[in-house]
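These notes are about the structure you will find just below.
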Amino acid sequence: MDTRVIQLLMELRKQGIGDTRVLAAMERVPREQFVAEQFLKHAYDNIALPITQGQTISQPYVVAYMTEALKLTDRMKVLEIGTGSGYQTAVLARLSRRVYTIERYRSLLTTAEKRLNELKITNVVTKLGDGNKGWIEQAPFDRILVTAAADTRPDGLIAQLSPNGGIMVAPVAVNTTEQDVIRYTREGDDIREERLLPVRFVPLLPGIAREAAT
Ligand code: SAH
């Protein structure tokens with residue numbers, strides 16, 4: 001086992017991540033397989049790193065924090081918006097029954113799918129699309145995780161959350177550069193909101209991305 005992984009897990013514990021299931025899941029997902037070659041030496045640093053298309057792989061602390069905030073069990077059906085590198089997807093897959101993940105860049109999605117296959121993670125279903133619309137054919141979801149920053153409360157996604165204690169965790173704008181992670185808990189039409197952590201995510205953008213042919 002890479003000693004850098006142990007170091008990172010100890011740091012996450014120190015930062016307040018207490019859920020041993022989350023820490024164990026992160027121990028089992030090699031982050032080095034989700035970062036670009038030139039950042040390999042920083043794969044286990046507790047920082048976000050650039051991926052392609054101007055996007056980022058989230059900071060391990062933020063991945064751990066948001067995953068913990070979801071209160072997952074292995075029976076749950078989870079929707080993730082913003083597949084990106086696929087790292088957070090892999091962590092969710094280790095802790096739930098099935099993960100549905102949506103990304104607006106085809107190239108990111110293809111790379112993420114390849115990595116998940118290499119790790120033999122088979123309980124993930126991917127889709128190229130606009131995550132703002134959710135995944136209506138598969139709704140309702142027990143949990144929803146948004147990994148790009150929304151301008152306002154994502155009501156369209158809350159509508160696809162289970163009405164019996166469904167939880168969505170999402171970064172939502174405070175101003176143009178800062179967001180707070182918010183946890184929404186749904187009971188029928190009642191939506192409880194908890195403001196959890198200041199963060200900086202790339203924005204949740206509309207529509208599928210146009211990409212230059214490669
Ligand atoms: N969880 C990812 C974070 C990637 S950054 C990781 O750790 O690697 C956020 C991702 O959200 C980007 O890949 C971006 O392209 C994607 N995204 C932004 N808006 C989106 C939308 N409307 N639908 C789907 N994906 C979106």
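Chains: A, B, ... in order of the structure tokens. Residues: from 1 per chain. Ligands: from 1, in order shown.
Contacts with ligand 1 are defined as any residue atom within 6 Å of a ligand atom, using only C-alpha atoms and all ligand atoms; the residues meeting this criterion are Gln55, Thr56, Ile57, Ser58, Ile81, Gly82, Thr83, Gly84, Ser85, Gly86, Tyr87, Gln88, Ile102, Glu103, Arg104, Tyr105, Gly129, Asp130, Gly131, Asn132, Thr147, Ala148, Val202, Pro203, Leu204, Leu205, Pro206 and Gly207 of chain A.
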Using only C-alpha atoms, which residues of stretch 10-100 of chain A come within 8 Å of stretch 149-173 of chain A, and what is the closest atom pair for each, with the distance in Å to one decimal? Give it as a tab-separated table, sorted by chain and residue number.
```
residue	atom	partner	partner_atom	distance
A:Met66	CA	A:Val169	CA	6.7
A:Ala69	CA	A:Val169	CA	7.1
A:Leu70	CA	A:Ile167	CA	6.4
```
Can you write just those residues out, N, CA, C and O atoms, as a PDB file, in the first residue's frame?
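Here's the written file again-v7.pdb:
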```
ATOM      1  N   MET A  66     -18.392  15.460   1.350  1.00  0.00           N
ATOM      2  CA  MET A  66     -19.696  15.389   0.685  1.00  0.00           C
ATOM      3  C   MET A  66     -20.249  13.965   0.718  1.00  0.00           C
ATOM      4  O   MET A  66     -21.449  13.758   0.871  1.00  0.00           O
ATOM      5  N   ALA A  69     -21.618  13.394   4.107  1.00  0.00           N
ATOM      6  CA  ALA A  69     -22.858  14.155   4.298  1.00  0.00           C
ATOM      7  C   ALA A  69     -24.065  13.469   3.661  1.00  0.00           C
ATOM      8  O   ALA A  69     -25.207  13.691   4.062  1.00  0.00           O
ATOM      9  N   LEU A  70     -23.813  12.592   2.678  1.00  0.00           N
ATOM     10  CA  LEU A  70     -24.915  11.897   1.998  1.00  0.00           C
ATOM     11  C   LEU A  70     -25.533  10.783   2.838  1.00  0.00           C
ATOM     12  O   LEU A  70     -26.639  10.334   2.546  1.00  0.00           O
TER      13      LEU A  70
END
```
Please list as a PyMOL selection string every residue within 12 Å of A:Glu118, counting only C-alpha atoms and excluding residues in the same chain fewer than 2 positions away.
chain A and resi 29-30+33-34+86+90+111-116+120-122
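Interatomic distance, atom CA of A:Thr126 against atom CA of A:Tyr44: 25.8 Å.
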Within 8 Å of A:Tyr61, counting only C-alpha atoms, which residues qualify if same-chain residues fewer than 2 places away don't, as a PyMOL selection string?
chain A and resi 12+15+46-47+59+63-65
Determine, counting only C-alpha atoms, which protein, DNA and RNA residues have an atom within 8 Å of an atom of A:Leu79; residues of the same chain fewer than 5 positions away are not included. Present the result as a PyMOL selection string.
chain A and resi 99-101+134-135+141+143-145
For the structure I just gave you, how does DSSP split stretch 6-183 of chain A - specifically, which residues are strand (DSSP E)? Reply as a ChimeraX atom specification.
/A:49-50,56-57,77-81,98-103,124-128,143-146,164-173,179-183
Near stretch 176-178 of chain A, counting only C-alpha atoms, which residues have an atom at most 8 Å away, once you skip same-chain residues fewer than 4 positions from it, shown as a VMD selection string?
chain A and resid 198 to 200
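Nearest residue to A:Val91, choosing from A:Ile17, A:Met10, A:Ala36, A:Ala25 and counting only C-alpha atoms: A:Ala25.
Every residue of stretch 112-182 of chain A with a DSSP assignment of alpha helix (DSSP H), taken from the backbone, is listed as Ala112, Glu113, Lys114, Arg115, Leu116, Asn117, Glu118, Asp155, Gly156, Leu157 and Ile158 of chain A.
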Identify which of the residues A:Ile182, A:Leu40, A:Leu92, A:Leu108 lies closest to A:Arg75, counting only C-alpha atoms when measuring atom-to-atom distances.
A:Leu92
Report as a PyMOL selection string all protein, DNA and RNA residues lying within 10 Å of A:Ala24, evaluated on only C-alpha atoms, omitting residues in the same chain fewer than 2 positions from it.
chain A and resi 9+19-22+26-29+91+94-95
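Across the model, the gap from atom CA of A:Gly18 to atom CA of A:Val35 is 25.7 Å.
If you measure from each of A:Pro50, A:Gly16, A:Ala139, A:Lys127 to A:Gln38 using only C-alpha atoms, the closest one turns out to be A:Pro50.
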